[in-house]
file entry.cif (mmCIF, N, CA and C atoms)
data_coords
#
loop_
_atom_site.label_atom_id
_atom_site.label_comp_id
_atom_site.auth_asym_id
_atom_site.auth_seq_id
_atom_site.Cartn_x
_atom_site.Cartn_y
_atom_site.Cartn_z
N GLN A 1 -5.33 -14.92 12.83
CA GLN A 1 -4.52 -13.73 12.74
C GLN A 1 -4.13 -13.49 11.28
N VAL A 2 -4.29 -12.27 10.86
CA VAL A 2 -3.96 -11.92 9.47
C VAL A 2 -2.46 -11.69 9.35
N GLN A 3 -1.90 -12.24 8.30
CA GLN A 3 -0.50 -11.99 7.99
C GLN A 3 -0.39 -11.36 6.61
N LEU A 4 0.48 -10.37 6.51
CA LEU A 4 0.73 -9.67 5.26
C LEU A 4 2.20 -9.80 4.92
N VAL A 5 2.48 -10.21 3.70
CA VAL A 5 3.87 -10.40 3.28
C VAL A 5 4.10 -9.62 1.99
N GLU A 6 4.98 -8.62 2.06
CA GLU A 6 5.31 -7.82 0.90
C GLU A 6 6.46 -8.44 0.13
N SER A 7 6.50 -8.17 -1.16
CA SER A 7 7.61 -8.59 -2.00
C SER A 7 7.70 -7.65 -3.18
N GLY A 8 8.82 -7.74 -3.91
CA GLY A 8 8.97 -6.96 -5.12
C GLY A 8 9.86 -5.74 -5.00
N GLY A 9 10.33 -5.45 -3.81
CA GLY A 9 11.23 -4.32 -3.65
C GLY A 9 12.60 -4.61 -4.25
N GLY A 10 13.43 -3.58 -4.30
CA GLY A 10 14.77 -3.75 -4.83
C GLY A 10 15.40 -2.44 -5.19
N LEU A 11 16.48 -2.53 -5.94
CA LEU A 11 17.24 -1.36 -6.39
C LEU A 11 16.90 -1.09 -7.85
N VAL A 12 16.58 0.16 -8.15
CA VAL A 12 16.21 0.53 -9.51
C VAL A 12 16.75 1.93 -9.78
N GLN A 13 17.05 2.19 -11.04
CA GLN A 13 17.51 3.52 -11.41
C GLN A 13 16.34 4.48 -11.52
N ALA A 14 16.63 5.75 -11.34
CA ALA A 14 15.60 6.77 -11.49
C ALA A 14 14.95 6.66 -12.86
N GLY A 15 13.63 6.78 -12.87
CA GLY A 15 12.87 6.62 -14.10
C GLY A 15 12.37 5.21 -14.34
N GLY A 16 12.87 4.28 -13.55
CA GLY A 16 12.48 2.89 -13.70
C GLY A 16 11.18 2.56 -12.99
N SER A 17 10.84 1.27 -13.01
CA SER A 17 9.58 0.80 -12.44
C SER A 17 9.81 -0.41 -11.54
N LEU A 18 8.93 -0.55 -10.58
CA LEU A 18 8.87 -1.74 -9.74
C LEU A 18 7.41 -2.05 -9.46
N ARG A 19 7.13 -3.31 -9.22
CA ARG A 19 5.78 -3.71 -8.82
C ARG A 19 5.87 -4.42 -7.48
N LEU A 20 5.28 -3.83 -6.48
CA LEU A 20 5.22 -4.44 -5.16
C LEU A 20 3.96 -5.30 -5.05
N SER A 21 4.09 -6.40 -4.34
CA SER A 21 2.96 -7.26 -4.05
C SER A 21 2.84 -7.44 -2.55
N CYS A 22 1.63 -7.64 -2.10
CA CYS A 22 1.38 -7.92 -0.68
C CYS A 22 0.35 -9.03 -0.61
N ALA A 23 0.79 -10.19 -0.16
CA ALA A 23 -0.08 -11.35 -0.06
C ALA A 23 -0.62 -11.47 1.36
N ALA A 24 -1.92 -11.63 1.47
CA ALA A 24 -2.58 -11.73 2.77
C ALA A 24 -3.01 -13.16 3.03
N SER A 25 -2.95 -13.55 4.29
CA SER A 25 -3.45 -14.86 4.69
C SER A 25 -4.06 -14.76 6.09
N GLY A 26 -4.96 -15.70 6.38
CA GLY A 26 -5.52 -15.78 7.72
C GLY A 26 -6.74 -14.92 7.96
N GLY A 27 -7.27 -14.28 6.95
CA GLY A 27 -8.45 -13.44 7.14
C GLY A 27 -9.30 -13.40 5.90
N THR A 28 -10.25 -12.48 5.89
CA THR A 28 -11.14 -12.33 4.73
C THR A 28 -10.69 -11.12 3.93
N PHE A 29 -9.77 -11.35 3.03
CA PHE A 29 -9.11 -10.27 2.30
C PHE A 29 -10.10 -9.35 1.60
N SER A 30 -11.11 -9.93 1.00
CA SER A 30 -12.04 -9.12 0.20
C SER A 30 -12.81 -8.10 1.04
N SER A 31 -12.85 -8.29 2.34
CA SER A 31 -13.58 -7.37 3.21
C SER A 31 -12.72 -6.24 3.75
N TYR A 32 -11.44 -6.27 3.44
CA TYR A 32 -10.51 -5.29 4.00
C TYR A 32 -10.29 -4.11 3.06
N VAL A 33 -10.12 -2.95 3.65
CA VAL A 33 -9.50 -1.84 2.95
C VAL A 33 -8.00 -2.06 3.04
N MET A 34 -7.31 -1.87 1.93
CA MET A 34 -5.86 -2.09 1.90
C MET A 34 -5.14 -0.77 1.63
N GLY A 35 -3.96 -0.66 2.19
CA GLY A 35 -3.19 0.56 1.97
C GLY A 35 -1.71 0.26 1.84
N TRP A 36 -1.02 1.18 1.20
CA TRP A 36 0.43 1.16 1.14
C TRP A 36 0.95 2.43 1.82
N PHE A 37 1.95 2.25 2.63
CA PHE A 37 2.62 3.35 3.32
C PHE A 37 4.12 3.18 3.11
N ARG A 38 4.87 4.23 3.40
CA ARG A 38 6.32 4.11 3.28
C ARG A 38 7.00 4.93 4.36
N GLN A 39 8.23 4.53 4.65
CA GLN A 39 9.02 5.25 5.65
C GLN A 39 10.46 5.34 5.17
N ALA A 40 10.90 6.56 4.98
CA ALA A 40 12.27 6.82 4.59
C ALA A 40 13.13 7.02 5.85
N PRO A 41 14.43 6.81 5.73
CA PRO A 41 15.30 6.98 6.91
C PRO A 41 15.16 8.36 7.52
N GLY A 42 14.96 8.40 8.82
CA GLY A 42 14.85 9.67 9.53
C GLY A 42 13.53 10.38 9.37
N LYS A 43 12.58 9.74 8.69
CA LYS A 43 11.27 10.36 8.47
C LYS A 43 10.16 9.50 9.06
N GLU A 44 9.01 10.13 9.24
CA GLU A 44 7.86 9.39 9.73
C GLU A 44 7.23 8.58 8.59
N ARG A 45 6.49 7.56 8.98
CA ARG A 45 5.76 6.77 8.01
C ARG A 45 4.70 7.65 7.35
N GLU A 46 4.55 7.51 6.03
CA GLU A 46 3.58 8.33 5.32
C GLU A 46 2.72 7.50 4.38
N PHE A 47 1.54 8.00 4.15
CA PHE A 47 0.57 7.35 3.28
C PHE A 47 1.01 7.43 1.83
N VAL A 48 0.80 6.34 1.09
CA VAL A 48 1.10 6.31 -0.33
C VAL A 48 -0.17 6.11 -1.16
N ALA A 49 -0.92 5.04 -0.86
CA ALA A 49 -2.11 4.73 -1.66
C ALA A 49 -3.02 3.83 -0.86
N THR A 50 -4.31 3.87 -1.21
CA THR A 50 -5.28 3.01 -0.56
C THR A 50 -6.32 2.55 -1.58
N ILE A 51 -6.91 1.38 -1.30
CA ILE A 51 -7.93 0.84 -2.18
C ILE A 51 -9.06 0.25 -1.34
N SER A 52 -10.28 0.57 -1.72
CA SER A 52 -11.43 0.11 -0.97
C SER A 52 -11.80 -1.32 -1.35
N ARG A 53 -12.81 -1.85 -0.66
CA ARG A 53 -13.32 -3.18 -1.00
C ARG A 53 -13.85 -3.20 -2.43
N GLY A 54 -14.41 -2.09 -2.85
CA GLY A 54 -14.96 -1.99 -4.19
C GLY A 54 -13.98 -1.43 -5.21
N SER A 55 -12.70 -1.36 -4.82
CA SER A 55 -11.61 -0.91 -5.69
C SER A 55 -11.62 0.58 -6.00
N SER A 56 -12.28 1.38 -5.17
CA SER A 56 -12.06 2.83 -5.24
C SER A 56 -10.66 3.10 -4.70
N VAL A 57 -9.99 4.10 -5.26
CA VAL A 57 -8.59 4.32 -4.89
C VAL A 57 -8.34 5.78 -4.54
N SER A 58 -7.28 5.98 -3.79
CA SER A 58 -6.81 7.32 -3.45
C SER A 58 -5.30 7.27 -3.32
N TYR A 59 -4.66 8.39 -3.71
CA TYR A 59 -3.20 8.44 -3.71
C TYR A 59 -2.70 9.69 -3.01
N ALA A 60 -1.51 9.59 -2.45
CA ALA A 60 -0.83 10.78 -1.98
C ALA A 60 -0.47 11.63 -3.20
N ASP A 61 -0.46 12.92 -3.02
CA ASP A 61 -0.20 13.82 -4.14
C ASP A 61 1.14 13.52 -4.81
N PHE A 62 2.12 13.13 -4.05
CA PHE A 62 3.46 12.97 -4.61
C PHE A 62 3.60 11.71 -5.47
N VAL A 63 2.57 10.85 -5.51
CA VAL A 63 2.64 9.67 -6.38
C VAL A 63 1.57 9.65 -7.46
N LYS A 64 0.69 10.63 -7.43
CA LYS A 64 -0.37 10.67 -8.43
C LYS A 64 0.20 10.71 -9.84
N GLY A 65 -0.35 9.85 -10.68
CA GLY A 65 0.12 9.78 -12.06
C GLY A 65 1.31 8.88 -12.27
N ARG A 66 1.91 8.42 -11.16
CA ARG A 66 3.09 7.53 -11.26
C ARG A 66 2.82 6.15 -10.69
N PHE A 67 2.08 6.06 -9.61
CA PHE A 67 1.83 4.78 -8.93
C PHE A 67 0.38 4.36 -9.17
N ILE A 68 0.17 3.05 -9.20
CA ILE A 68 -1.17 2.49 -9.34
C ILE A 68 -1.35 1.38 -8.33
N ILE A 69 -2.38 1.49 -7.51
CA ILE A 69 -2.73 0.44 -6.56
C ILE A 69 -3.86 -0.39 -7.16
N SER A 70 -3.79 -1.70 -6.94
CA SER A 70 -4.84 -2.60 -7.41
C SER A 70 -4.93 -3.79 -6.47
N ARG A 71 -5.99 -4.54 -6.60
CA ARG A 71 -6.15 -5.71 -5.75
C ARG A 71 -6.74 -6.86 -6.56
N ASP A 72 -6.39 -8.07 -6.16
CA ASP A 72 -6.93 -9.28 -6.75
C ASP A 72 -7.47 -10.11 -5.60
N ASN A 73 -8.76 -10.06 -5.40
CA ASN A 73 -9.35 -10.76 -4.25
C ASN A 73 -9.24 -12.28 -4.39
N ALA A 74 -9.19 -12.77 -5.62
CA ALA A 74 -9.05 -14.22 -5.82
C ALA A 74 -7.67 -14.71 -5.36
N LYS A 75 -6.69 -13.80 -5.38
CA LYS A 75 -5.33 -14.17 -4.97
C LYS A 75 -4.98 -13.58 -3.61
N ASN A 76 -5.93 -12.90 -2.97
CA ASN A 76 -5.67 -12.27 -1.67
C ASN A 76 -4.43 -11.39 -1.71
N THR A 77 -4.32 -10.61 -2.76
CA THR A 77 -3.11 -9.83 -2.98
C THR A 77 -3.45 -8.41 -3.41
N VAL A 78 -2.68 -7.47 -2.87
CA VAL A 78 -2.76 -6.08 -3.31
C VAL A 78 -1.41 -5.72 -3.93
N TYR A 79 -1.47 -4.89 -4.95
CA TYR A 79 -0.28 -4.53 -5.71
C TYR A 79 -0.06 -3.02 -5.67
N LEU A 80 1.19 -2.65 -5.87
CA LEU A 80 1.52 -1.25 -6.08
C LEU A 80 2.49 -1.18 -7.25
N GLN A 81 1.98 -0.73 -8.39
CA GLN A 81 2.81 -0.54 -9.56
C GLN A 81 3.42 0.85 -9.46
N MET A 82 4.75 0.91 -9.46
CA MET A 82 5.45 2.17 -9.28
C MET A 82 6.24 2.48 -10.55
N ASN A 83 5.89 3.56 -11.21
CA ASN A 83 6.53 3.98 -12.44
C ASN A 83 7.22 5.32 -12.22
N SER A 84 8.10 5.65 -13.15
CA SER A 84 8.81 6.94 -13.10
C SER A 84 9.38 7.20 -11.71
N LEU A 85 10.06 6.21 -11.20
CA LEU A 85 10.56 6.31 -9.82
C LEU A 85 11.63 7.39 -9.71
N LYS A 86 11.63 8.02 -8.53
CA LYS A 86 12.57 9.10 -8.23
C LYS A 86 13.40 8.71 -7.01
N PRO A 87 14.58 9.28 -6.87
CA PRO A 87 15.38 8.96 -5.67
C PRO A 87 14.63 9.23 -4.37
N GLU A 88 13.76 10.22 -4.35
CA GLU A 88 13.00 10.52 -3.14
C GLU A 88 11.93 9.48 -2.83
N ASP A 89 11.71 8.52 -3.72
CA ASP A 89 10.81 7.41 -3.44
C ASP A 89 11.50 6.32 -2.63
N THR A 90 12.78 6.45 -2.41
CA THR A 90 13.52 5.47 -1.62
C THR A 90 12.96 5.40 -0.20
N ALA A 91 12.58 4.19 0.20
CA ALA A 91 11.95 3.99 1.51
C ALA A 91 11.66 2.51 1.70
N VAL A 92 11.28 2.17 2.91
CA VAL A 92 10.68 0.86 3.16
C VAL A 92 9.18 1.01 2.94
N TYR A 93 8.63 0.15 2.12
CA TYR A 93 7.21 0.21 1.79
C TYR A 93 6.47 -0.89 2.55
N TYR A 94 5.38 -0.48 3.18
CA TYR A 94 4.57 -1.38 3.99
C TYR A 94 3.16 -1.47 3.42
N CYS A 95 2.61 -2.67 3.41
CA CYS A 95 1.18 -2.77 3.14
C CYS A 95 0.46 -2.96 4.46
N ALA A 96 -0.80 -2.59 4.48
CA ALA A 96 -1.60 -2.64 5.69
C ALA A 96 -3.04 -2.97 5.34
N ALA A 97 -3.72 -3.57 6.32
CA ALA A 97 -5.12 -3.98 6.13
C ALA A 97 -5.99 -3.37 7.22
N ASN A 98 -7.11 -2.84 6.80
CA ASN A 98 -8.10 -2.28 7.71
C ASN A 98 -9.32 -3.18 7.68
N ARG A 99 -9.59 -3.86 8.81
CA ARG A 99 -10.71 -4.80 8.86
C ARG A 99 -12.00 -4.18 9.38
N ARG A 100 -11.94 -2.93 9.84
CA ARG A 100 -13.10 -2.28 10.44
C ARG A 100 -13.93 -1.58 9.37
N THR A 101 -14.47 -2.38 8.45
CA THR A 101 -15.12 -1.79 7.28
C THR A 101 -16.62 -2.02 7.23
N ILE A 102 -17.17 -2.81 8.15
CA ILE A 102 -18.55 -3.24 8.04
C ILE A 102 -19.54 -2.09 8.08
N ALA A 103 -19.19 -1.01 8.73
CA ALA A 103 -20.10 0.13 8.85
C ALA A 103 -20.04 1.08 7.66
N PHE A 104 -19.19 0.76 6.70
CA PHE A 104 -18.95 1.67 5.60
C PHE A 104 -19.34 1.03 4.27
N THR A 105 -19.52 1.89 3.27
CA THR A 105 -19.82 1.38 1.93
C THR A 105 -18.56 0.76 1.33
N SER A 106 -18.75 0.11 0.21
CA SER A 106 -17.63 -0.54 -0.46
C SER A 106 -16.65 0.48 -1.05
N HIS A 107 -17.02 1.75 -1.05
CA HIS A 107 -16.13 2.78 -1.57
C HIS A 107 -15.23 3.38 -0.50
N TYR A 108 -15.41 2.96 0.73
CA TYR A 108 -14.63 3.52 1.84
C TYR A 108 -13.17 3.11 1.76
N TYR A 109 -12.31 4.08 1.96
CA TYR A 109 -10.88 3.82 2.09
C TYR A 109 -10.30 4.82 3.08
N SER A 110 -9.05 4.65 3.43
CA SER A 110 -8.46 5.52 4.44
C SER A 110 -6.99 5.78 4.15
N ASN A 111 -6.57 7.01 4.38
CA ASN A 111 -5.15 7.36 4.28
C ASN A 111 -4.54 7.57 5.67
N ASP A 112 -5.26 7.17 6.71
CA ASP A 112 -4.82 7.35 8.09
C ASP A 112 -4.26 6.03 8.61
N SER A 113 -2.99 6.01 8.93
CA SER A 113 -2.38 4.77 9.37
C SER A 113 -3.02 4.20 10.63
N SER A 114 -3.63 5.04 11.43
CA SER A 114 -4.24 4.56 12.67
C SER A 114 -5.51 3.75 12.41
N ASP A 115 -6.02 3.81 11.19
CA ASP A 115 -7.20 3.02 10.83
C ASP A 115 -6.86 1.58 10.47
N TYR A 116 -5.59 1.28 10.34
CA TYR A 116 -5.17 -0.03 9.87
C TYR A 116 -4.79 -0.95 11.03
N ASP A 117 -5.24 -2.20 10.91
CA ASP A 117 -5.09 -3.16 12.00
C ASP A 117 -3.90 -4.10 11.83
N TYR A 118 -3.55 -4.38 10.60
CA TYR A 118 -2.49 -5.35 10.32
C TYR A 118 -1.47 -4.72 9.38
N TRP A 119 -0.21 -5.06 9.62
CA TRP A 119 0.89 -4.51 8.84
C TRP A 119 1.85 -5.62 8.43
N GLY A 120 2.41 -5.44 7.24
CA GLY A 120 3.47 -6.33 6.80
C GLY A 120 4.81 -5.91 7.38
N GLN A 121 5.82 -6.67 7.05
CA GLN A 121 7.16 -6.40 7.59
C GLN A 121 7.91 -5.36 6.78
N GLY A 122 7.41 -5.04 5.60
CA GLY A 122 8.03 -4.02 4.77
C GLY A 122 8.98 -4.60 3.73
N THR A 123 9.12 -3.86 2.65
CA THR A 123 10.06 -4.22 1.59
C THR A 123 10.82 -2.97 1.17
N GLN A 124 12.12 -3.10 1.02
CA GLN A 124 12.97 -1.94 0.74
C GLN A 124 12.92 -1.60 -0.75
N VAL A 125 12.71 -0.33 -1.03
CA VAL A 125 12.80 0.19 -2.40
C VAL A 125 13.90 1.25 -2.40
N THR A 126 14.87 1.08 -3.25
CA THR A 126 15.96 2.04 -3.36
C THR A 126 16.05 2.52 -4.82
N VAL A 127 15.98 3.82 -4.99
CA VAL A 127 16.04 4.41 -6.33
C VAL A 127 17.33 5.21 -6.44
N SER A 128 18.17 4.81 -7.35
CA SER A 128 19.45 5.50 -7.52
C SER A 128 19.33 6.59 -8.59
N SER A 129 20.12 7.63 -8.41
CA SER A 129 20.06 8.76 -9.35
C SER A 129 21.05 8.58 -10.49
#
call {"tool": "encode", "arguments": {"input": "entry.cif", "output": "structure tokens"}}
result
Amino acid sequence: QVQLVESGGGLVQAGGSLRLSCAASGGTFSSYVMGWFRQAPGKEREFVATISRGSSVSYADFVKGRFIISRDNAKNTVYLQMNSLKPEDTAVYYCAANRRTIAFTSHYYSNDSSDYDYWGQGTQVTVSS
């Protein structure tokens, strides 16, 4: 069973930066598409960023130019570098793994939460104004 553990959340002032990490265990990390999603109070979970097995990336429009997703297969870890944070970025951030990748090229990624099989417990990010 794959386990995902997020870390790096916290309280930061607007304009600041945080780096989230998600460590995976129990599976073949390098074969997974990885994604970051977030859920703010009273809102539905939404897509933030995704990275393919071959490190192709895609971002939600509201984080383009501010957030960077990356992965280190040697460490079984995916990262989300968050810069120029805004109060509206306040949310619980979740990482997720999609293991159903064998039929796709290494450039395949997904922004659809239903494509993901494993989820972490989430890490709180709070941005103060």
call {"tool": "atom_distance", "arguments": {"input": "entry.cif", "atom1": "atom N of Ala40 of chain A", "atom2": "atom C of Val5 of chain A"}}
result
17.8 Å
call {"tool": "resolve_selection", "arguments": {"input": "entry.cif", "expression": "the PyMOL selection byres (((chain A and resi 87 and name CA) around 12) and name CA)", "output": "ChimeraX atom specification"}}
result
/A:11-16,40,84-86,88-91,125-129
call {"tool": "closest_residue", "arguments": {"input": "entry.cif", "among": "A:Ser55, A:Ser21, A:Met82, A:Ser106", "to": "Phe67 of chain A", "atoms": "all atoms listed in the file"}}
result
A:Met82
call {"tool": "closest_residue", "arguments": {"input": "entry.cif", "among": "A:Ser114, A:Arg99, A:Ala49, A:Gly9", "to": "Tyr32 of chain A", "atoms": "all atoms listed in the file"}}
result
A:Arg99
call {"tool": "select_by_dssp", "arguments": {"input": "entry.cif", "residues": "chain A", "states": "strand (DSSP E)", "output": "number ranges by chain"}}
result
A: 3-7, 10-13, 18-25, 33-39, 46-51, 57-59, 67-72, 77-82, 91-98, 118-119, 123-128
call {"tool": "select_by_dssp", "arguments": {"input": "entry.cif", "residues": "chain A", "states": "helix (DSSP H, G or I)", "output": "list in words"}}
result
Phe29, Ser30, Ser31, Asp61, Phe62, Val63, Pro87, Glu88, Asp89, Ser113, Ser114 and Asp115 of chain A
call {"tool": "resolve_selection", "arguments": {"input": "entry.cif", "expression": "the PyMOL selection byres ((chain A and resi 109) around 7)", "output": "number ranges by chain"}}
result
A: 33-34, 50-53, 56, 106-108, 110-112
call {"tool": "resolve_selection", "arguments": {"input": "entry.cif", "expression": "the PyMOL selection byres (((chain A and resi 79 and name CA) around 9) and name CA)", "output": "PDB file with N, CA and C atoms, keeping the file's coordinate frame"}}
result
ATOM      1  N   ARG A  19       7.130  -3.310  -9.220  1.00  0.00           N
ATOM      2  CA  ARG A  19       5.780  -3.710  -8.820  1.00  0.00           C
ATOM      3  C   ARG A  19       5.870  -4.420  -7.480  1.00  0.00           C
ATOM      4  N   LEU A  20       5.280  -3.830  -6.480  1.00  0.00           N
ATOM      5  CA  LEU A  20       5.220  -4.440  -5.160  1.00  0.00           C
ATOM      6  C   LEU A  20       3.960  -5.300  -5.050  1.00  0.00           C
ATOM      7  N   SER A  21       4.090  -6.400  -4.340  1.00  0.00           N
ATOM      8  CA  SER A  21       2.960  -7.260  -4.050  1.00  0.00           C
ATOM      9  C   SER A  21       2.840  -7.440  -2.550  1.00  0.00           C
ATOM     10  N   CYS A  22       1.630  -7.640  -2.100  1.00  0.00           N
ATOM     11  CA  CYS A  22       1.380  -7.920  -0.680  1.00  0.00           C
ATOM     12  C   CYS A  22       0.350  -9.030  -0.610  1.00  0.00           C
ATOM     13  N   ALA A  23       0.790 -10.190  -0.160  1.00  0.00           N
ATOM     14  CA  ALA A  23      -0.080 -11.350  -0.060  1.00  0.00           C
ATOM     15  C   ALA A  23      -0.620 -11.470   1.360  1.00  0.00           C
ATOM     16  N   TRP A  36      -1.020   1.180   1.200  1.00  0.00           N
ATOM     17  CA  TRP A  36       0.430   1.160   1.140  1.00  0.00           C
ATOM     18  C   TRP A  36       0.950   2.430   1.820  1.00  0.00           C
ATOM     19  N   ILE A  68       0.170   3.050  -9.200  1.00  0.00           N
ATOM     20  CA  ILE A  68      -1.170   2.490  -9.340  1.00  0.00           C
ATOM     21  C   ILE A  68      -1.350   1.380  -8.330  1.00  0.00           C
ATOM     22  N   ILE A  69      -2.380   1.490  -7.510  1.00  0.00           N
ATOM     23  CA  ILE A  69      -2.730   0.440  -6.560  1.00  0.00           C
ATOM     24  C   ILE A  69      -3.860  -0.390  -7.160  1.00  0.00           C
ATOM     25  N   SER A  70      -3.790  -1.700  -6.940  1.00  0.00           N
ATOM     26  CA  SER A  70      -4.840  -2.600  -7.410  1.00  0.00           C
ATOM     27  C   SER A  70      -4.930  -3.790  -6.470  1.00  0.00           C
ATOM     28  N   ARG A  71      -5.990  -4.540  -6.600  1.00  0.00           N
ATOM     29  CA  ARG A  71      -6.150  -5.710  -5.750  1.00  0.00           C
ATOM     30  C   ARG A  71      -6.740  -6.860  -6.560  1.00  0.00           C
ATOM     31  N   ASP A  72      -6.390  -8.070  -6.160  1.00  0.00           N
ATOM     32  CA  ASP A  72      -6.930  -9.280  -6.750  1.00  0.00           C
ATOM     33  C   ASP A  72      -7.470 -10.110  -5.600  1.00  0.00           C
ATOM     34  N   THR A  77      -4.320 -10.610  -2.760  1.00  0.00           N
ATOM     35  CA  THR A  77      -3.110  -9.830  -2.980  1.00  0.00           C
ATOM     36  C   THR A  77      -3.450  -8.410  -3.410  1.00  0.00           C
ATOM     37  N   VAL A  78      -2.680  -7.470  -2.870  1.00  0.00           N
ATOM     38  CA  VAL A  78      -2.760  -6.080  -3.310  1.00  0.00           C
ATOM     39  C   VAL A  78      -1.410  -5.720  -3.930  1.00  0.00           C
ATOM     40  N   LEU A  80       1.190  -2.650  -5.870  1.00  0.00           N
ATOM     41  CA  LEU A  80       1.520  -1.250  -6.080  1.00  0.00           C
ATOM     42  C   LEU A  80       2.490  -1.180  -7.250  1.00  0.00           C
ATOM     43  N   GLN A  81       1.980  -0.730  -8.390  1.00  0.00           N
ATOM     44  CA  GLN A  81       2.810  -0.540  -9.560  1.00  0.00           C
ATOM     45  C   GLN A  81       3.420   0.850  -9.460  1.00  0.00           C
TER      46      GLN A  81
END
call {"tool": "build_atoms", "arguments": {"input": "entry.cif", "residues": "segment 78-92 of chain A", "atoms": "N, CA, C and O atoms", "output": "PDB file, in the coordinates of the input"}}
result
ATOM      1  N   VAL A  78      -2.680  -7.470  -2.870  1.00  0.00           N
ATOM      2  CA  VAL A  78      -2.760  -6.080  -3.310  1.00  0.00           C
ATOM      3  C   VAL A  78      -1.410  -5.720  -3.930  1.00  0.00           C
ATOM      4  O   VAL A  78      -0.359  -6.209  -3.500  1.00  0.00           O
ATOM      5  N   TYR A  79      -1.470  -4.890  -4.950  1.00  0.00           N
ATOM      6  CA  TYR A  79      -0.280  -4.530  -5.710  1.00  0.00           C
ATOM      7  C   TYR A  79      -0.060  -3.020  -5.670  1.00  0.00           C
ATOM      8  O   TYR A  79      -0.984  -2.234  -5.514  1.00  0.00           O
ATOM      9  N   LEU A  80       1.190  -2.650  -5.870  1.00  0.00           N
ATOM     10  CA  LEU A  80       1.520  -1.250  -6.080  1.00  0.00           C
ATOM     11  C   LEU A  80       2.490  -1.180  -7.250  1.00  0.00           C
ATOM     12  O   LEU A  80       3.654  -1.568  -7.114  1.00  0.00           O
ATOM     13  N   GLN A  81       1.980  -0.730  -8.390  1.00  0.00           N
ATOM     14  CA  GLN A  81       2.810  -0.540  -9.560  1.00  0.00           C
ATOM     15  C   GLN A  81       3.420   0.850  -9.460  1.00  0.00           C
ATOM     16  O   GLN A  81       2.698   1.850  -9.402  1.00  0.00           O
ATOM     17  N   MET A  82       4.750   0.910  -9.460  1.00  0.00           N
ATOM     18  CA  MET A  82       5.450   2.170  -9.280  1.00  0.00           C
ATOM     19  C   MET A  82       6.240   2.480 -10.550  1.00  0.00           C
ATOM     20  O   MET A  82       7.156   1.733 -10.916  1.00  0.00           O
ATOM     21  N   ASN A  83       5.890   3.560 -11.210  1.00  0.00           N
ATOM     22  CA  ASN A  83       6.530   3.980 -12.440  1.00  0.00           C
ATOM     23  C   ASN A  83       7.220   5.320 -12.220  1.00  0.00           C
ATOM     24  O   ASN A  83       6.928   6.040 -11.274  1.00  0.00           O
ATOM     25  N   SER A  84       8.100   5.650 -13.150  1.00  0.00           N
ATOM     26  CA  SER A  84       8.810   6.940 -13.100  1.00  0.00           C
ATOM     27  C   SER A  84       9.380   7.200 -11.710  1.00  0.00           C
ATOM     28  O   SER A  84       9.211   8.291 -11.147  1.00  0.00           O
ATOM     29  N   LEU A  85      10.060   6.210 -11.200  1.00  0.00           N
ATOM     30  CA  LEU A  85      10.560   6.310  -9.820  1.00  0.00           C
ATOM     31  C   LEU A  85      11.630   7.390  -9.710  1.00  0.00           C
ATOM     32  O   LEU A  85      12.421   7.630 -10.631  1.00  0.00           O
ATOM     33  N   LYS A  86      11.630   8.020  -8.530  1.00  0.00           N
ATOM     34  CA  LYS A  86      12.570   9.100  -8.230  1.00  0.00           C
ATOM     35  C   LYS A  86      13.400   8.710  -7.010  1.00  0.00           C
ATOM     36  O   LYS A  86      12.940   7.910  -6.174  1.00  0.00           O
ATOM     37  N   PRO A  87      14.580   9.280  -6.870  1.00  0.00           N
ATOM     38  CA  PRO A  87      15.380   8.960  -5.670  1.00  0.00           C
ATOM     39  C   PRO A  87      14.630   9.230  -4.370  1.00  0.00           C
ATOM     40  O   PRO A  87      14.818   8.500  -3.390  1.00  0.00           O
ATOM     41  N   GLU A  88      13.760  10.220  -4.350  1.00  0.00           N
ATOM     42  CA  GLU A  88      13.000  10.520  -3.140  1.00  0.00           C
ATOM     43  C   GLU A  88      11.930   9.480  -2.830  1.00  0.00           C
ATOM     44  O   GLU A  88      11.279   9.548  -1.775  1.00  0.00           O
ATOM     45  N   ASP A  89      11.710   8.520  -3.720  1.00  0.00           N
ATOM     46  CA  ASP A  89      10.810   7.410  -3.440  1.00  0.00           C
ATOM     47  C   ASP A  89      11.500   6.320  -2.630  1.00  0.00           C
ATOM     48  O   ASP A  89      10.852   5.345  -2.222  1.00  0.00           O
ATOM     49  N   THR A  90      12.780   6.450  -2.410  1.00  0.00           N
ATOM     50  CA  THR A  90      13.520   5.470  -1.620  1.00  0.00           C
ATOM     51  C   THR A  90      12.960   5.400  -0.200  1.00  0.00           C
ATOM     52  O   THR A  90      12.864   6.417   0.499  1.00  0.00           O
ATOM     53  N   ALA A  91      12.580   4.190   0.200  1.00  0.00           N
ATOM     54  CA  ALA A  91      11.950   3.990   1.510  1.00  0.00           C
ATOM     55  C   ALA A  91      11.660   2.510   1.700  1.00  0.00           C
ATOM     56  O   ALA A  91      11.770   1.721   0.753  1.00  0.00           O
ATOM     57  N   VAL A  92      11.280   2.170   2.910  1.00  0.00           N
ATOM     58  CA  VAL A  92      10.680   0.860   3.160  1.00  0.00           C
ATOM     59  C   VAL A  92       9.180   1.010   2.940  1.00  0.00           C
ATOM     60  O   VAL A  92       8.557   1.917   3.515  1.00  0.00           O
TER      61      VAL A  92
END
